[in-house]
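Enquirer: I am attaching a structure below and will ask some questions about it afterwards.
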Amino acid sequence: MARAGSVAQRQRASAAPESGQRPGRRLLPRSRILLVLALVAAVGAAGFGAWALYGSQWLRIEKVSVAWEPDSRQELTADQVLAEAAVPLGAPMASLDKGAIEDRLLAALPRLKSVKVVRAWPHGVGLKVTEREPSAQVPAPGGFAEVDDEGVRFAEIAEPLPSVPLLEPDMADAPSARRFDEDRTLREAVAVAAALPEPLAERTSVIRIESYDAITLELSDDQTVRWGSPEDSSAKAEALTILMKAAPDARHFDVSVPSAPAASGG
């Protein structure tokens, strides 16, 4: 019996907690403690970052600037662009909705071809804009409408622009009117104007449109060019440039078939 009691005592002694530890309590491993501390620090940093971006006065919009892209036409003023952009001064930089500003400007100012909104941390916003270039102009109730190379009518002006071809449609009795309506034919005529090299475009005063297949250019010095349809405009422009150099005194040119151009008069 004594032996059995001594064995039970030894078992109880081996199961007893070591000196300095309380029964029922286990210490966390060091790696787990470090992980918990890292998580607490990360949450704190994220909270501070969110407050710095949205709640503090450190990163607020204080200034908005406008810049035109290199080689862009500049008919609008910076004040016009800023007024329509309506960038919220005092708002957090992080909450700036760049897409909404770009859409708002393009809708309000048809002269703008593209807009790019950029953040200039910590307090600035930049608006980089490009205006449309007129490839042609057409008669309009208020005078003339400027049309770009995409066929977009983006502005009306009282007086015609110099060195920009004027489209003059005269398609009332054109046989091709059933197949090609006036709007489509005008868009195609704008493509003709856009295909002209700059020196030739500056010399083109009128692009007369009698039908889809009968487009004529009226140049300075009373020269005329039978262009034909809008098809193969790039090839026709190249053929006309070569032909005018070969026959500088000619009065009439025909590039309706660009592979067989012709000159006469003079």
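By order in the structure tokens, chains are A, B, ...; within a chain, residues start at 1; ligands start at 1, following the order shown.
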Determine which residues of range 124-179 of chain A receive a DSSP assignment of helix (DSSP H, G or I), computed from the backbone, and state them as a VMD selection string.
Expert: chain A and resid 175 to 178
Enquirer: Would you mind listing what lies within 9 Å of Ala91 in chain A as a list in words, with only C-alpha atoms counted and same-chain residues fewer than 4 positions away left out?
Expert: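 After dropping sequence-adjacent residues, the list is Tyr54, Leu59, Arg60, Ile61, Glu62, Val87, Ser95 and Leu96 of chain A.
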Enquirer: List the neighbours of Leu105 in chain A out to 12 Å using only C-alpha atoms; skip same-chain residues closer than 5 positions along the sequence, and give me the result as a ChimeraX atom specification.
Expert: /A:76,80-87,98-100,110-117,127-131
Enquirer: Could you save those same residues with C-alpha atoms as a compact mmCIF listing (two decimals), in the first residue's frame?
Expert:
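As written to disk, result_30.txt reads:
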# COMPACT_ATOMS: atom_id res chain seq x y z
CA LEU A 76 -10.97 79.03 -75.12
CA GLN A 80 -13.96 79.22 -69.29
CA VAL A 81 -12.38 75.84 -68.67
CA LEU A 82 -12.20 76.35 -64.90
CA ALA A 83 -15.82 77.47 -64.71
CA GLU A 84 -17.11 74.38 -66.49
CA ALA A 85 -14.74 72.00 -64.69
CA ALA A 86 -16.15 73.05 -61.30
CA VAL A 87 -13.38 71.33 -59.35
CA LYS A 98 -11.33 62.78 -62.50
CA GLY A 99 -13.67 61.01 -64.90
CA ALA A 100 -16.65 63.16 -63.94
CA PRO A 110 -17.51 71.12 -77.70
CA ARG A 111 -14.29 72.84 -78.76
CA LEU A 112 -12.39 70.45 -76.51
CA LYS A 113 -11.22 67.27 -78.20
CA SER A 114 -9.63 65.74 -75.11
CA VAL A 115 -9.21 66.49 -71.41
CA LYS A 116 -6.86 64.92 -68.89
CA VAL A 117 -7.23 65.61 -65.16
CA LEU A 127 -6.36 70.21 -66.39
CA LYS A 128 -4.55 69.37 -69.64
CA VAL A 129 -6.72 70.11 -72.67
CA THR A 130 -6.58 69.81 -76.45
CA GLU A 131 -8.89 71.83 -78.70
Enquirer: Using DSSP assignments from the backbone, pull out every residue in range 103-246 of chain A that falls under strand (DSSP E) and give it to me as a VMD selection string.
Expert: chain A and resid 112 to 120 124 to 131 136 to 140 143 to 147 153 to 157 166 to 169 204 to 211 214 to 219 224 to 228
Enquirer: Can you measure CA of Gly265 in chain A to CA of Leu166 in chain A for me? One decimal in Å is fine.
Expert: 24.6 Å
Enquirer: Please list as an MDAnalysis selection string every residue within 10 Å of Ala120 in chain A, counting only C-alpha atoms and excluding residues in the same chain fewer than 4 positions away.
Expert: chainID A and resid 61 63:65 93 124:126
Enquirer: So the first atom is CA of Ser229 in chain A and the second is CA of Ser211 in chain A; what is the distance between them in Å, to one decimal place?
Expert: 8.3 Å
Enquirer: Between A:Trp68, A:Trp227, A:Phe144, A:Phe154, which one has atoms that come closest to Ala214 in chain A, using only C-alpha atoms?
Expert: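 Of the candidates, the smallest distance to Ala214 in chain A is held by A:Trp227.
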Enquirer: Distance CA of Ala155 in chain A-CA of Pro197 in chain A, one decimal place?
Expert: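 Distance reported for this atom pair: 23.2 Å.
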Enquirer: For Ile209 in chain A, which residue among A:Glu150, A:Glu168, A:Asp183, A:Asp249 is the nearest when counting only C-alpha atoms?
Expert: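 Closest to Ile209 in chain A, using only C-alpha atoms: A:Glu168.
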Enquirer: Counting only C-alpha atoms, what is within 9 Å of Asp148 in chain A, bar same-chain residues fewer than 6 positions away, as a list of chain:residue names?
Expert: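 Surrounding residues, per the criterion: A:Arg132, A:Glu133, A:Pro134, A:Ser135, A:Ala136, A:Gln137, A:Phe154, A:Val190, A:Ala194.
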Enquirer: Write out, as an mmCIF file, in the first residue's frame, the residues just selected, with C-alpha atoms.
Expert:
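As written to disk, result_9.cif reads:
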data_model
loop_
_atom_site.group_PDB
_atom_site.id
_atom_site.type_symbol
_atom_site.label_atom_id
_atom_site.label_comp_id
_atom_site.auth_asym_id
_atom_site.auth_seq_id
_atom_site.Cartn_x
_atom_site.Cartn_y
_atom_site.Cartn_z
ATOM 1 C CA ARG A 132 -10.315 70.641 -81.989
ATOM 2 C CA GLU A 133 -8.743 71.859 -85.211
ATOM 3 C CA PRO A 134 -11.073 72.927 -88.046
ATOM 4 C CA SER A 135 -10.588 70.943 -91.243
ATOM 5 C CA ALA A 136 -13.498 72.655 -92.954
ATOM 6 C CA GLN A 137 -16.337 75.072 -92.344
ATOM 7 C CA PHE A 154 -17.863 72.142 -82.609
ATOM 8 C CA VAL A 190 -14.825 66.809 -94.573
ATOM 9 C CA ALA A 194 -8.695 66.534 -93.874
#
Enquirer: Find the residues near Pro139 in chain A: any atom within 12 Å, counting only C-alpha atoms, skip ones fewer than 5 places away on the same chain, and give them as a list of chain:residue names.
Expert: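 Answer for this query is A:Phe144, A:Ala145, A:Glu146, A:Val147, A:Arg153, A:Ala155, A:Glu156, A:Ile157, A:Ala158, A:Glu159, A:Pro160, A:Leu161, A:Pro165, A:Leu166, A:Leu167, A:Glu168, A:Pro169, A:Leu186, A:Val206.
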Enquirer: Could you take the residues named above and write them with N, CA and C atoms, as an mmCIF file, in the first residue's frame?
Expert:
data_model
loop_
_atom_site.group_PDB
_atom_site.id
_atom_site.type_symbol
_atom_site.label_atom_id
_atom_site.label_comp_id
_atom_site.auth_asym_id
_atom_site.auth_seq_id
_atom_site.Cartn_x
_atom_site.Cartn_y
_atom_site.Cartn_z
ATOM 1 N N PHE A 144 -21.060 80.556 -89.792
ATOM 2 C CA PHE A 144 -20.357 79.367 -90.270
ATOM 3 C C PHE A 144 -20.075 78.448 -89.078
ATOM 4 N N ALA A 145 -20.078 77.160 -89.359
ATOM 5 C CA ALA A 145 -19.764 76.165 -88.328
ATOM 6 C C ALA A 145 -18.410 75.544 -88.629
ATOM 7 N N GLU A 146 -17.575 75.468 -87.616
ATOM 8 C CA GLU A 146 -16.279 74.809 -87.757
ATOM 9 C C GLU A 146 -16.459 73.301 -87.611
ATOM 10 N N VAL A 147 -15.794 72.547 -88.489
ATOM 11 C CA VAL A 147 -15.908 71.090 -88.499
ATOM 12 C C VAL A 147 -14.501 70.504 -88.447
ATOM 13 N N ARG A 153 -19.117 69.117 -85.685
ATOM 14 C CA ARG A 153 -19.328 70.563 -85.708
ATOM 15 C C ARG A 153 -19.195 71.062 -84.266
ATOM 16 N N ALA A 155 -18.216 74.490 -83.234
ATOM 17 C CA ALA A 155 -18.360 75.909 -82.902
ATOM 18 C C ALA A 155 -18.974 76.654 -84.082
ATOM 19 N N GLU A 156 -19.668 77.739 -83.777
ATOM 20 C CA GLU A 156 -20.197 78.616 -84.818
ATOM 21 C C GLU A 156 -19.514 79.973 -84.728
ATOM 22 N N ILE A 157 -19.178 80.525 -85.875
ATOM 23 C CA ILE A 157 -18.485 81.810 -85.943
ATOM 24 C C ILE A 157 -19.218 82.714 -86.931
ATOM 25 N N ALA A 158 -19.073 84.006 -86.739
ATOM 26 C CA ALA A 158 -19.789 84.955 -87.594
ATOM 27 C C ALA A 158 -19.120 85.123 -88.945
ATOM 28 N N GLU A 159 -17.794 85.101 -88.970
ATOM 29 C CA GLU A 159 -17.044 85.307 -90.211
ATOM 30 C C GLU A 159 -16.261 84.044 -90.554
ATOM 31 N N PRO A 160 -16.105 83.736 -91.842
ATOM 32 C CA PRO A 160 -15.369 82.526 -92.219
ATOM 33 C C PRO A 160 -13.896 82.626 -91.852
ATOM 34 N N LEU A 161 -13.312 81.488 -91.533
ATOM 35 C CA LEU A 161 -11.889 81.444 -91.202
ATOM 36 C C LEU A 161 -11.048 81.491 -92.476
ATOM 37 N N PRO A 165 -10.970 75.431 -95.812
ATOM 38 C CA PRO A 165 -11.919 75.246 -96.906
ATOM 39 C C PRO A 165 -13.376 75.380 -96.454
ATOM 40 N N LEU A 166 -14.169 76.016 -97.305
ATOM 41 C CA LEU A 166 -15.602 76.163 -97.059
ATOM 42 C C LEU A 166 -16.342 75.109 -97.874
ATOM 43 N N LEU A 167 -17.162 74.306 -97.204
ATOM 44 C CA LEU A 167 -17.962 73.309 -97.906
ATOM 45 C C LEU A 167 -19.253 73.958 -98.396
ATOM 46 N N GLU A 168 -19.525 73.830 -99.679
ATOM 47 C CA GLU A 168 -20.745 74.384 -100.252
ATOM 48 C C GLU A 168 -21.520 73.254 -100.922
ATOM 49 N N PRO A 169 -22.503 72.702 -100.239
ATOM 50 C CA PRO A 169 -23.290 71.612 -100.837
ATOM 51 C C PRO A 169 -24.338 72.152 -101.807
ATOM 52 N N LEU A 186 -21.626 65.222 -96.646
ATOM 53 C CA LEU A 186 -20.855 66.292 -96.017
ATOM 54 C C LEU A 186 -19.739 65.715 -95.150
ATOM 55 N N VAL A 206 -12.898 76.756 -101.533
ATOM 56 C CA VAL A 206 -14.234 76.146 -101.515
ATOM 57 C C VAL A 206 -14.127 74.688 -101.947
#
